[in-house]
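K.L.:
Contents of entry_32.pdb (PDB, C-alpha atoms, pLDDT in the B column) are below:
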```pdb
ATOM      1  CA  MET A   1      53.110 -30.619-215.217  1.00 43.00           C
ATOM      2  CA  SER A   2      54.660 -32.623-218.023  1.00 49.00           C
ATOM      3  CA  GLY A   3      57.900 -31.372-219.489  1.00 61.00           C
ATOM      4  CA  HIS A   4      59.782 -30.817-216.261  1.00 74.00           C
ATOM      5  CA  PRO A   5      60.147 -32.613-212.934  1.00 83.00           C
ATOM      6  CA  THR A   6      57.651 -31.655-210.255  1.00 89.00           C
ATOM      7  CA  ARG A   7      59.458 -29.139-208.046  1.00 92.00           C
ATOM      8  CA  ILE A   8      58.654 -29.089-204.348  1.00 93.00           C
ATOM      9  CA  VAL A   9      60.067 -26.801-201.666  1.00 94.00           C
ATOM     10  CA  ILE A  10      60.118 -28.043-198.067  1.00 93.00           C
ATOM     11  CA  ALA A  11      60.185 -25.140-195.603  1.00 93.00           C
ATOM     12  CA  ASP A  12      60.874 -26.448-192.099  1.00 91.00           C
ATOM     13  CA  ASP A  13      63.598 -25.684-189.578  1.00 89.00           C
ATOM     14  CA  HIS A  14      63.943 -29.291-188.345  1.00 89.00           C
ATOM     15  CA  PRO A  15      66.342 -31.305-190.544  1.00 88.00           C
ATOM     16  CA  LEU A  16      64.916 -34.644-189.339  1.00 87.00           C
ATOM     17  CA  PHE A  17      61.394 -33.712-190.316  1.00 87.00           C
ATOM     18  CA  ARG A  18      62.573 -32.282-193.639  1.00 90.00           C
ATOM     19  CA  GLY A  19      64.088 -35.723-194.216  1.00 89.00           C
ATOM     20  CA  ALA A  20      60.763 -37.417-193.462  1.00 87.00           C
ATOM     21  CA  LEU A  21      58.961 -35.097-195.887  1.00 89.00           C
ATOM     22  CA  ARG A  22      61.610 -35.689-198.551  1.00 90.00           C
ATOM     23  CA  GLN A  23      61.083 -39.436-198.102  1.00 87.00           C
ATOM     24  CA  ALA A  24      57.317 -38.990-198.465  1.00 87.00           C
ATOM     25  CA  VAL A  25      57.793 -36.946-201.640  1.00 89.00           C
ATOM     26  CA  ALA A  26      60.101 -39.610-203.111  1.00 88.00           C
ATOM     27  CA  HIS A  27      57.524 -42.315-202.352  1.00 84.00           C
ATOM     28  CA  ALA A  28      54.673 -40.315-203.865  1.00 85.00           C
ATOM     29  CA  LEU A  29      56.284 -38.972-207.032  1.00 88.00           C
ATOM     30  CA  ALA A  30      58.629 -40.464-209.597  1.00 86.00           C
ATOM     31  CA  ASP A  31      59.984 -37.379-211.375  1.00 88.00           C
ATOM     32  CA  VAL A  32      60.574 -34.755-208.684  1.00 89.00           C
ATOM     33  CA  THR A  33      63.170 -32.304-207.435  1.00 91.00           C
ATOM     34  CA  VAL A  34      63.112 -31.165-203.826  1.00 91.00           C
ATOM     35  CA  SER A  35      64.583 -28.004-202.273  1.00 91.00           C
ATOM     36  CA  GLU A  36      64.871 -27.535-198.518  1.00 92.00           C
ATOM     37  CA  VAL A  37      64.867 -24.262-196.558  1.00 92.00           C
ATOM     38  CA  GLY A  38      64.838 -23.592-192.830  1.00 90.00           C
ATOM     39  CA  SER A  39      63.331 -20.114-192.522  1.00 88.00           C
ATOM     40  CA  LEU A  40      60.785 -17.782-194.101  1.00 85.00           C
ATOM     41  CA  ASP A  41      63.569 -15.540-195.434  1.00 86.00           C
ATOM     42  CA  ALA A  42      65.275 -18.496-197.104  1.00 89.00           C
ATOM     43  CA  LEU A  43      61.952 -19.544-198.625  1.00 89.00           C
ATOM     44  CA  GLY A  44      61.410 -16.045-200.003  1.00 87.00           C
ATOM     45  CA  GLN A  45      64.899 -16.065-201.504  1.00 88.00           C
ATOM     46  CA  THR A  46      64.337 -19.475-203.128  1.00 90.00           C
ATOM     47  CA  LEU A  47      61.062 -18.334-204.683  1.00 88.00           C
ATOM     48  CA  ALA A  48      62.630 -15.073-205.862  1.00 86.00           C
ATOM     49  CA  GLU A  49      65.355 -17.031-207.645  1.00 86.00           C
ATOM     50  CA  SER A  50      62.916 -19.408-209.325  1.00 77.00           C
ATOM     51  CA  ALA A  51      59.157 -19.172-209.656  1.00 69.00           C
ATOM     52  CA  ASP A  52      59.167 -22.643-211.242  1.00 85.00           C
ATOM     53  CA  VAL A  53      57.764 -24.329-208.110  1.00 91.00           C
ATOM     54  CA  ASP A  54      54.768 -26.676-208.072  1.00 92.00           C
ATOM     55  CA  LEU A  55      54.151 -27.078-204.331  1.00 93.00           C
ATOM     56  CA  ILE A  56      55.360 -25.725-200.977  1.00 94.00           C
ATOM     57  CA  LEU A  57      55.309 -27.751-197.777  1.00 94.00           C
ATOM     58  CA  LEU A  58      55.244 -25.044-195.090  1.00 93.00           C
ATOM     59  CA  ASP A  59      55.934 -25.444-191.386  1.00 90.00           C
ATOM     60  CA  LEU A  60      53.798 -23.058-189.320  1.00 84.00           C
ATOM     61  CA  ALA A  61      56.531 -22.624-186.706  1.00 81.00           C
ATOM     62  CA  MET A  62      60.010 -21.714-187.924  1.00 81.00           C
ATOM     63  CA  PRO A  63      62.338 -18.695-187.765  1.00 74.00           C
ATOM     64  CA  GLY A  64      60.665 -15.552-189.104  1.00 71.00           C
ATOM     65  CA  VAL A  65      57.151 -16.856-188.548  1.00 73.00           C
ATOM     66  CA  GLN A  66      54.524 -15.984-185.940  1.00 70.00           C
ATOM     67  CA  GLY A  67      51.245 -17.897-185.865  1.00 75.00           C
ATOM     68  CA  PHE A  68      49.789 -17.969-189.366  1.00 84.00           C
ATOM     69  CA  SER A  69      51.972 -15.089-190.557  1.00 83.00           C
ATOM     70  CA  GLY A  70      54.171 -17.277-192.772  1.00 86.00           C
ATOM     71  CA  LEU A  71      51.125 -18.645-194.578  1.00 89.00           C
ATOM     72  CA  LEU A  72      49.623 -15.151-194.874  1.00 88.00           C
ATOM     73  CA  PHE A  73      52.875 -13.760-196.291  1.00 86.00           C
ATOM     74  CA  LEU A  74      53.285 -16.633-198.745  1.00 88.00           C
ATOM     75  CA  ARG A  75      49.710 -16.425-200.008  1.00 88.00           C
ATOM     76  CA  ALA A  76      50.036 -12.657-200.463  1.00 87.00           C
ATOM     77  CA  ALA A  77      53.373 -12.912-202.275  1.00 86.00           C
ATOM     78  CA  HIS A  78      52.653 -16.018-204.378  1.00 88.00           C
ATOM     79  CA  PRO A  79      48.885 -16.571-204.563  1.00 87.00           C
ATOM     80  CA  GLU A  80      49.295 -18.979-207.472  1.00 88.00           C
ATOM     81  CA  LEU A  81      51.495 -21.442-205.542  1.00 91.00           C
ATOM     82  CA  PRO A  82      49.785 -24.395-203.821  1.00 93.00           C
ATOM     83  CA  VAL A  83      50.701 -24.711-200.141  1.00 94.00           C
ATOM     84  CA  ILE A  84      50.388 -27.636-197.741  1.00 94.00           C
ATOM     85  CA  VAL A  85      50.865 -26.633-194.109  1.00 93.00           C
ATOM     86  CA  VAL A  86      52.762 -29.088-191.917  1.00 91.00           C
ATOM     87  CA  SER A  87      52.383 -28.594-188.189  1.00 87.00           C
ATOM     88  CA  ALA A  88      52.680 -30.336-184.847  1.00 85.00           C
ATOM     89  CA  ASN A  89      49.448 -28.573-183.851  1.00 82.00           C
ATOM     90  CA  ASP A  90      46.575 -30.530-185.388  1.00 81.00           C
ATOM     91  CA  ASP A  91      43.781 -28.760-183.547  1.00 81.00           C
ATOM     92  CA  PRO A  92      40.724 -28.633-185.873  1.00 83.00           C
ATOM     93  CA  THR A  93      40.516 -24.847-185.438  1.00 82.00           C
ATOM     94  CA  VAL A  94      44.134 -24.487-186.627  1.00 84.00           C
ATOM     95  CA  ILE A  95      43.468 -26.742-189.611  1.00 88.00           C
ATOM     96  CA  ARG A  96      40.320 -24.822-190.531  1.00 86.00           C
ATOM     97  CA  ARG A  97      42.148 -21.476-190.242  1.00 85.00           C
ATOM     98  CA  CYS A  98      44.943 -22.711-192.532  1.00 89.00           C
ATOM     99  CA  ILE A  99      42.395 -23.596-195.219  1.00 88.00           C
ATOM    100  CA  GLU A 100      40.621 -20.240-194.719  1.00 86.00           C
ATOM    101  CA  PHE A 101      43.952 -18.471-195.270  1.00 88.00           C
ATOM    102  CA  GLY A 102      44.433 -20.282-198.564  1.00 89.00           C
ATOM    103  CA  ALA A 103      46.351 -23.497-197.835  1.00 92.00           C
ATOM    104  CA  LEU A 104      45.233 -26.434-199.976  1.00 93.00           C
ATOM    105  CA  GLY A 105      46.284 -29.049-197.457  1.00 93.00           C
ATOM    106  CA  PHE A 106      47.208 -29.681-193.842  1.00 93.00           C
ATOM    107  CA  LEU A 107      49.578 -32.415-192.679  1.00 91.00           C
ATOM    108  CA  PRO A 108      50.034 -33.201-188.976  1.00 89.00           C
ATOM    109  CA  LYS A 109      53.671 -33.968-188.166  1.00 86.00           C
ATOM    110  CA  THR A 110      52.445 -37.276-186.728  1.00 87.00           C
ATOM    111  CA  ALA A 111      51.254 -38.448-190.172  1.00 87.00           C
ATOM    112  CA  GLU A 112      52.671 -41.618-191.676  1.00 87.00           C
ATOM    113  CA  VAL A 113      54.857 -41.334-194.794  1.00 84.00           C
ATOM    114  CA  ALA A 114      52.099 -42.941-196.920  1.00 85.00           C
ATOM    115  CA  GLN A 115      49.576 -40.370-195.680  1.00 88.00           C
ATOM    116  CA  MET A 116      51.990 -37.540-196.457  1.00 88.00           C
ATOM    117  CA  GLY A 117      52.290 -38.929-199.973  1.00 89.00           C
ATOM    118  CA  ASP A 118      48.507 -39.049-200.346  1.00 90.00           C
ATOM    119  CA  ALA A 119      48.254 -35.393-199.319  1.00 92.00           C
ATOM    120  CA  ILE A 120      50.983 -34.304-201.744  1.00 92.00           C
ATOM    121  CA  LYS A 121      49.401 -36.168-204.680  1.00 91.00           C
ATOM    122  CA  ALA A 122      45.902 -34.867-203.852  1.00 92.00           C
ATOM    123  CA  VAL A 123      46.992 -31.223-203.808  1.00 93.00           C
ATOM    124  CA  LEU A 124      49.154 -31.551-206.945  1.00 92.00           C
ATOM    125  CA  ASP A 125      46.055 -32.994-208.649  1.00 92.00           C
ATOM    126  CA  GLY A 126      44.142 -29.822-207.751  1.00 92.00           C
ATOM    127  CA  GLY A 127      42.368 -31.056-204.646  1.00 92.00           C
ATOM    128  CA  VAL A 128      42.313 -30.143-200.969  1.00 91.00           C
ATOM    129  CA  TRP A 129      43.629 -32.596-198.357  1.00 92.00           C
ATOM    130  CA  THR A 130      43.048 -32.554-194.603  1.00 90.00           C
ATOM    131  CA  PRO A 131      43.398 -35.376-192.062  1.00 88.00           C
ATOM    132  CA  PRO A 132      40.522 -37.892-192.086  1.00 86.00           C
ATOM    133  CA  GLY A 133      37.804 -37.122-189.573  1.00 81.00           C
ATOM    134  CA  ILE A 134      38.399 -33.366-189.514  1.00 77.00           C
ATOM    135  CA  ASP A 135      35.153 -31.436-189.934  1.00 75.00           C
ATOM    136  CA  LEU A 136      35.845 -28.186-191.779  1.00 72.00           C
ATOM    137  CA  SER A 137      32.175 -27.276-192.024  1.00 71.00           C
ATOM    138  CA  ALA A 138      31.830 -26.102-188.416  1.00 68.00           C
ATOM    139  CA  PRO A 139      30.233 -22.657-188.302  1.00 67.00           C
ATOM    140  CA  VAL A 140      32.578 -19.692-187.951  1.00 69.00           C
ATOM    141  CA  ASP A 141      31.331 -16.515-186.302  1.00 72.00           C
ATOM    142  CA  HIS A 142      30.907 -13.588-188.686  1.00 78.00           C
ATOM    143  CA  GLU A 143      33.409 -11.369-186.851  1.00 79.00           C
ATOM    144  CA  THR A 144      36.164 -13.978-187.200  1.00 79.00           C
ATOM    145  CA  ALA A 145      35.313 -14.685-190.838  1.00 80.00           C
ATOM    146  CA  ASP A 146      35.412 -10.956-191.599  1.00 85.00           C
ATOM    147  CA  MET A 147      38.862 -10.521-189.988  1.00 85.00           C
ATOM    148  CA  VAL A 148      40.221 -13.587-191.820  1.00 84.00           C
ATOM    149  CA  ARG A 149      39.062 -11.980-195.072  1.00 87.00           C
ATOM    150  CA  ARG A 150      40.583  -8.617-194.100  1.00 90.00           C
ATOM    151  CA  LEU A 151      43.948 -10.129-193.113  1.00 89.00           C
ATOM    152  CA  SER A 152      43.992 -11.964-196.442  1.00 87.00           C
ATOM    153  CA  THR A 153      43.901  -8.627-198.293  1.00 91.00           C
ATOM    154  CA  LEU A 154      47.246  -7.452-196.859  1.00 92.00           C
ATOM    155  CA  THR A 155      50.165  -7.215-199.272  1.00 92.00           C
ATOM    156  CA  PRO A 156      53.378  -9.145-198.476  1.00 89.00           C
ATOM    157  CA  GLN A 157      55.051  -5.971-197.189  1.00 91.00           C
ATOM    158  CA  GLN A 158      52.016  -5.108-195.053  1.00 93.00           C
ATOM    159  CA  VAL A 159      52.131  -8.587-193.504  1.00 90.00           C
ATOM    160  CA  ARG A 160      55.806  -8.010-192.644  1.00 89.00           C
ATOM    161  CA  VAL A 161      55.038  -4.587-191.134  1.00 92.00           C
ATOM    162  CA  LEU A 162      52.209  -6.063-189.049  1.00 91.00           C
ATOM    163  CA  MET A 163      54.566  -8.811-187.809  1.00 87.00           C
ATOM    164  CA  MET A 164      57.073  -6.135-186.758  1.00 88.00           C
ATOM    165  CA  LEU A 165      54.356  -4.058-185.083  1.00 90.00           C
ATOM    166  CA  SER A 166      53.516  -7.212-183.141  1.00 85.00           C
ATOM    167  CA  GLU A 167      57.104  -7.351-181.927  1.00 84.00           C
ATOM    168  CA  GLY A 168      56.759  -3.804-180.615  1.00 87.00           C
ATOM    169  CA  LEU A 169      59.101  -2.193-183.147  1.00 91.00           C
ATOM    170  CA  LEU A 170      58.895   1.549-183.796  1.00 92.00           C
ATOM    171  CA  ASN A 171      58.339   2.933-187.293  1.00 94.00           C
ATOM    172  CA  LYS A 172      61.994   3.943-187.589  1.00 94.00           C
ATOM    173  CA  GLN A 173      63.091   0.427-186.573  1.00 94.00           C
ATOM    174  CA  ILE A 174      60.738  -1.156-189.122  1.00 93.00           C
ATOM    175  CA  ALA A 175      62.014   1.242-191.781  1.00 94.00           C
ATOM    176  CA  TYR A 176      65.598   0.190-191.016  1.00 94.00           C
ATOM    177  CA  GLU A 177      64.731  -3.523-191.101  1.00 90.00           C
ATOM    178  CA  LEU A 178      62.883  -3.256-194.422  1.00 91.00           C
ATOM    179  CA  GLY A 179      65.280  -0.756-196.013  1.00 93.00           C
ATOM    180  CA  VAL A 180      62.541   1.795-196.696  1.00 94.00           C
ATOM    181  CA  SER A 181      61.739   5.310-195.490  1.00 95.00           C
ATOM    182  CA  GLU A 182      59.773   6.059-192.336  1.00 95.00           C
ATOM    183  CA  ALA A 183      57.131   7.704-194.522  1.00 96.00           C
ATOM    184  CA  THR A 184      56.700   4.415-196.399  1.00 96.00           C
ATOM    185  CA  VAL A 185      56.245   2.541-193.111  1.00 95.00           C
ATOM    186  CA  LYS A 186      53.644   5.094-191.969  1.00 95.00           C
ATOM    187  CA  ALA A 187      51.805   4.582-195.248  1.00 96.00           C
ATOM    188  CA  HIS A 188      51.860   0.805-194.712  1.00 96.00           C
ATOM    189  CA  VAL A 189      50.592   1.184-191.137  1.00 96.00           C
ATOM    190  CA  SER A 190      47.792   3.450-192.331  1.00 96.00           C
ATOM    191  CA  ALA A 191      46.823   0.935-195.009  1.00 96.00           C
ATOM    192  CA  ILE A 192      46.856  -1.905-192.461  1.00 95.00           C
ATOM    193  CA  LEU A 193      44.534   0.020-190.117  1.00 95.00           C
ATOM    194  CA  THR A 194      42.163   0.734-192.999  1.00 95.00           C
ATOM    195  CA  LYS A 195      42.150  -2.848-194.284  1.00 95.00           C
ATOM    196  CA  LEU A 196      41.615  -4.319-190.811  1.00 93.00           C
ATOM    197  CA  ASN A 197      39.048  -1.623-189.956  1.00 93.00           C
ATOM    198  CA  VAL A 198      40.779  -0.680-186.692  1.00 94.00           C
ATOM    199  CA  ASP A 199      41.818   2.672-185.214  1.00 94.00           C
ATOM    200  CA  SER A 200      45.266   1.975-183.781  1.00 93.00           C
ATOM    201  CA  ARG A 201      48.402  -0.130-184.060  1.00 92.00           C
ATOM    202  CA  THR A 202      47.466  -1.846-180.801  1.00 91.00           C
ATOM    203  CA  GLN A 203      44.051  -2.866-182.148  1.00 91.00           C
ATOM    204  CA  ALA A 204      45.681  -4.163-185.340  1.00 91.00           C
ATOM    205  CA  VAL A 205      48.080  -6.358-183.362  1.00 89.00           C
ATOM    206  CA  ILE A 206      45.321  -7.633-181.057  1.00 88.00           C
ATOM    207  CA  ALA A 207      43.126  -8.468-184.067  1.00 85.00           C
ATOM    208  CA  ALA A 208      45.988 -10.323-185.739  1.00 83.00           C
ATOM    209  CA  ALA A 209      46.795 -12.203-182.523  1.00 82.00           C
ATOM    210  CA  LYS A 210      43.163 -13.239-182.082  1.00 78.00           C
ATOM    211  CA  ILE A 211      42.757 -14.514-185.640  1.00 73.00           C
ATOM    212  CA  ALA A 212      46.247 -15.447-186.782  1.00 69.00           C
ATOM    213  CA  GLY A 213      47.472 -17.193-183.665  1.00 62.00           C
ATOM    214  CA  ALA A 214      48.879 -16.357-180.253  1.00 47.00           C
ATOM    215  CA  GLY A 215      52.367 -16.246-181.750  1.00 44.00           C
ATOM    216  CA  TRP A 216      51.605 -12.692-182.869  1.00 44.00           C
ATOM    217  CA  ALA A 217      52.982 -11.169-179.679  1.00 39.00           C
ATOM    218  CA  THR A 218      50.988  -8.364-178.106  1.00 33.00           C
ATOM    219  CA  ALA A 219      53.836  -7.321-175.823  1.00 31.00           C
ATOM    220  CA  GLY A 220      54.985  -3.846-176.722  1.00 31.00           C
ATOM    221  CA  ALA A 221      52.212  -3.408-179.240  1.00 33.00           C
ATOM    222  CA  SER A 222      51.295  -0.034-177.808  1.00 34.00           C
ATOM    223  CA  ALA A 223      54.596   1.448-178.989  1.00 34.00           C
ATOM    224  CA  THR A 224      54.225   4.434-181.261  1.00 35.00           C
ATOM    225  CA  GLY A 225      56.619   6.345-183.437  1.00 37.00           C
TER     226      GLY A 225
END
```
Can I see the file as structure tokens?

P.N.:
Amino acid sequence: MSGHPTRIVIADDHPLFRGALRQAVAHALADVTVSEVGSLDALGQTLAESADVDLILLDLAMPGVQGFSGLLFLRAAHPELPVIVVSANDDPTVIRRCIEFGALGFLPKTAEVAQMGDAIKAVLDGGVWTPPGIDLSAPVDHETADMVRRLSTLTPQQVRVLMMLSEGLLNKQIAYELGVSEATVKAHVSAILTKLNVDSRTQAVIAAAKIAGAGWATAGASATG
């Protein structure tokens, strides 16, 4: 990483917590630049403007994100970028799922600044950091592991379509939101069903909700069109 300052993007919709993370970054690293964004769309725009990013600190719950969808989208769009998830939910199952979906670290929002710094340095050095005492070796049932793997194969656009299916949007509404044709949306839906090995939009949404967090709403999932 020599030759340019370490560049870190903090993606969190709470200015106070962004400030705490910025403080942790400043304590941990001498030569660093920090960008702050408050939504998944803003994060996507920042990364589109400059791929020269060394680490993303990603809040699981912010505008444009449902459950693990933000992490899924980010890993699909930028698989080379290290991600540390920051979350108020430090349930071991949540932490384990974040690592399964490709995060290299997990920071509870209750962590001390020094601990945040340790996590940032560990991941920048190529390691994986989770809170002390968290057992990531607990057995995962094969069905869950298989769906985690399947969800991880979705493209960024397919993740967005699945998120919109979860909100109960019709194909024509999704097409309008994404600025594509209805035929393109139908192709994405078909690909999602194939990748997740399910027969319907409803089953796709239920599978995503079960694996990727309750935030993937099932209300209206039976909508067709």

K.L.:
Determine the residue set returned by the PyMOL selection byres ((chain A and resi 162) around 12) for the present structure, and present it as an mmCIF file with C-alpha atoms, in the coordinates of the input.

P.N.:
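Once written, expr.cif looks like this:
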```cif
data_model
loop_
_atom_site.group_PDB
_atom_site.id
_atom_site.type_symbol
_atom_site.label_atom_id
_atom_site.label_comp_id
_atom_site.auth_asym_id
_atom_site.auth_seq_id
_atom_site.Cartn_x
_atom_site.Cartn_y
_atom_site.Cartn_z
ATOM 1 C CA VAL A 65 57.151 -16.856 -188.548
ATOM 2 C CA GLN A 66 54.524 -15.984 -185.940
ATOM 3 C CA SER A 69 51.972 -15.089 -190.557
ATOM 4 C CA GLY A 70 54.171 -17.277 -192.772
ATOM 5 C CA LEU A 72 49.623 -15.151 -194.874
ATOM 6 C CA PHE A 73 52.875 -13.760 -196.291
ATOM 7 C CA LEU A 151 43.948 -10.129 -193.113
ATOM 8 C CA LEU A 154 47.246 -7.452 -196.859
ATOM 9 C CA THR A 155 50.165 -7.215 -199.272
ATOM 10 C CA PRO A 156 53.378 -9.145 -198.476
ATOM 11 C CA GLN A 157 55.051 -5.971 -197.189
ATOM 12 C CA GLN A 158 52.016 -5.108 -195.053
ATOM 13 C CA VAL A 159 52.131 -8.587 -193.504
ATOM 14 C CA ARG A 160 55.806 -8.010 -192.644
ATOM 15 C CA VAL A 161 55.038 -4.587 -191.134
ATOM 16 C CA MET A 163 54.566 -8.811 -187.809
ATOM 17 C CA MET A 164 57.073 -6.135 -186.758
ATOM 18 C CA LEU A 165 54.356 -4.058 -185.083
ATOM 19 C CA SER A 166 53.516 -7.212 -183.141
ATOM 20 C CA GLU A 167 57.104 -7.351 -181.927
ATOM 21 C CA GLY A 168 56.759 -3.804 -180.615
ATOM 22 C CA LEU A 169 59.101 -2.193 -183.147
ATOM 23 C CA LEU A 170 58.895 1.549 -183.796
ATOM 24 C CA ASN A 171 58.339 2.933 -187.293
ATOM 25 C CA ILE A 174 60.738 -1.156 -189.122
ATOM 26 C CA VAL A 185 56.245 2.541 -193.111
ATOM 27 C CA LYS A 186 53.644 5.094 -191.969
ATOM 28 C CA HIS A 188 51.860 0.805 -194.712
ATOM 29 C CA VAL A 189 50.592 1.184 -191.137
ATOM 30 C CA SER A 190 47.792 3.450 -192.331
ATOM 31 C CA ALA A 191 46.823 0.935 -195.009
ATOM 32 C CA ILE A 192 46.856 -1.905 -192.461
ATOM 33 C CA LEU A 193 44.534 0.020 -190.117
ATOM 34 C CA LYS A 195 42.150 -2.848 -194.284
ATOM 35 C CA LEU A 196 41.615 -4.319 -190.811
ATOM 36 C CA SER A 200 45.266 1.975 -183.781
ATOM 37 C CA ARG A 201 48.402 -0.130 -184.060
ATOM 38 C CA THR A 202 47.466 -1.846 -180.801
ATOM 39 C CA GLN A 203 44.051 -2.866 -182.148
ATOM 40 C CA ALA A 204 45.681 -4.163 -185.340
ATOM 41 C CA VAL A 205 48.080 -6.358 -183.362
ATOM 42 C CA ILE A 206 45.321 -7.633 -181.057
ATOM 43 C CA ALA A 207 43.126 -8.468 -184.067
ATOM 44 C CA ALA A 208 45.988 -10.323 -185.739
ATOM 45 C CA ALA A 209 46.795 -12.203 -182.523
ATOM 46 C CA ALA A 212 46.247 -15.447 -186.782
ATOM 47 C CA TRP A 216 51.605 -12.692 -182.869
ATOM 48 C CA ALA A 217 52.982 -11.169 -179.679
ATOM 49 C CA THR A 218 50.988 -8.364 -178.106
ATOM 50 C CA ALA A 221 52.212 -3.408 -179.240
#
```

K.L.:
From the set A:Glu36, A:Leu47, A:Val83, A:Ile211, which residue has the shortest atom-to-atom contact distance to A:Asp146, counting all atoms listed in the file?

P.N.:
A:Ile211

K.L.:
For A:His14, which residue among A:Ser87, A:Gln45, A:Thr184, A:Thr33 is the nearest when counting all atoms listed in the file?

P.N.:
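Using all atoms listed in the file, A:His14 sits closest to A:Ser87.
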
K.L.:
Just say which residues the PyMOL selection byres ((chain A and resi 5) around 10) picks in this file, as a PyMOL selection string.

P.N.:
chain A and resi 1-4+6-8+29-34+53-54

K.L.:
Give the answer as one residue: which of A:Arg96, A:His27, A:His142, A:His78 has the shortest atom-to-atom distance to A:Leu43, using all atoms listed in the file?

P.N.:
A:His78

K.L.:
Ranking A:Pro132, A:Pro108, A:Gly19, A:Gly44 by minimum distance to A:Asp91 and counting all atoms listed in the file, which one comes first?

P.N.:
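That would be A:Pro108, the residue with the smallest distance to A:Asp91.
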
K.L.:
Please, can stretch 73-87 of chain A be completed to N, CA and C atoms and returned as a tab-separated table (two decimals), keeping the file's coordinate frame?

P.N.:
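For reference, selection-v4.tsv as written:
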```
chain	number	residue	atom	x	y	z
A	73	PHE	N	51.86	-14.41	-195.46
A	73	PHE	CA	52.88	-13.76	-196.29
A	73	PHE	C	53.03	-14.50	-197.62
A	74	LEU	N	53.09	-15.82	-197.54
A	74	LEU	CA	53.28	-16.63	-198.74
A	74	LEU	C	52.10	-16.51	-199.70
A	75	ARG	N	50.90	-16.53	-199.15
A	75	ARG	CA	49.71	-16.42	-200.01
A	75	ARG	C	49.62	-15.04	-200.65
A	76	ALA	N	50.06	-14.02	-199.91
A	76	ALA	CA	50.04	-12.66	-200.46
A	76	ALA	C	51.08	-12.50	-201.56
A	77	ALA	N	52.27	-13.09	-201.33
A	77	ALA	CA	53.37	-12.91	-202.28
A	77	ALA	C	53.25	-13.83	-203.49
A	78	HIS	N	52.72	-15.03	-203.28
A	78	HIS	CA	52.65	-16.02	-204.38
A	78	HIS	C	51.29	-16.72	-204.36
A	79	PRO	N	50.23	-15.99	-204.67
A	79	PRO	CA	48.88	-16.57	-204.56
A	79	PRO	C	48.65	-17.77	-205.48
A	80	GLU	N	49.49	-17.89	-206.51
A	80	GLU	CA	49.30	-18.98	-207.47
A	80	GLU	C	49.93	-20.29	-207.00
A	81	LEU	N	50.77	-20.25	-205.97
A	81	LEU	CA	51.50	-21.44	-205.54
A	81	LEU	C	50.70	-22.26	-204.52
A	82	PRO	N	50.47	-23.55	-204.80
A	82	PRO	CA	49.78	-24.40	-203.82
A	82	PRO	C	50.65	-24.59	-202.57
A	83	VAL	N	50.00	-24.56	-201.41
A	83	VAL	CA	50.70	-24.71	-200.14
A	83	VAL	C	50.03	-25.80	-199.31
A	84	ILE	N	50.85	-26.71	-198.78
A	84	ILE	CA	50.39	-27.64	-197.74
A	84	ILE	C	51.07	-27.23	-196.44
A	85	VAL	N	50.30	-26.97	-195.41
A	85	VAL	CA	50.86	-26.63	-194.11
A	85	VAL	C	51.21	-27.93	-193.37
A	86	VAL	N	52.39	-27.97	-192.78
A	86	VAL	CA	52.76	-29.09	-191.92
A	86	VAL	C	52.96	-28.53	-190.51
A	87	SER	N	52.33	-29.16	-189.53
A	87	SER	CA	52.38	-28.59	-188.19
A	87	SER	C	52.22	-29.68	-187.13
```
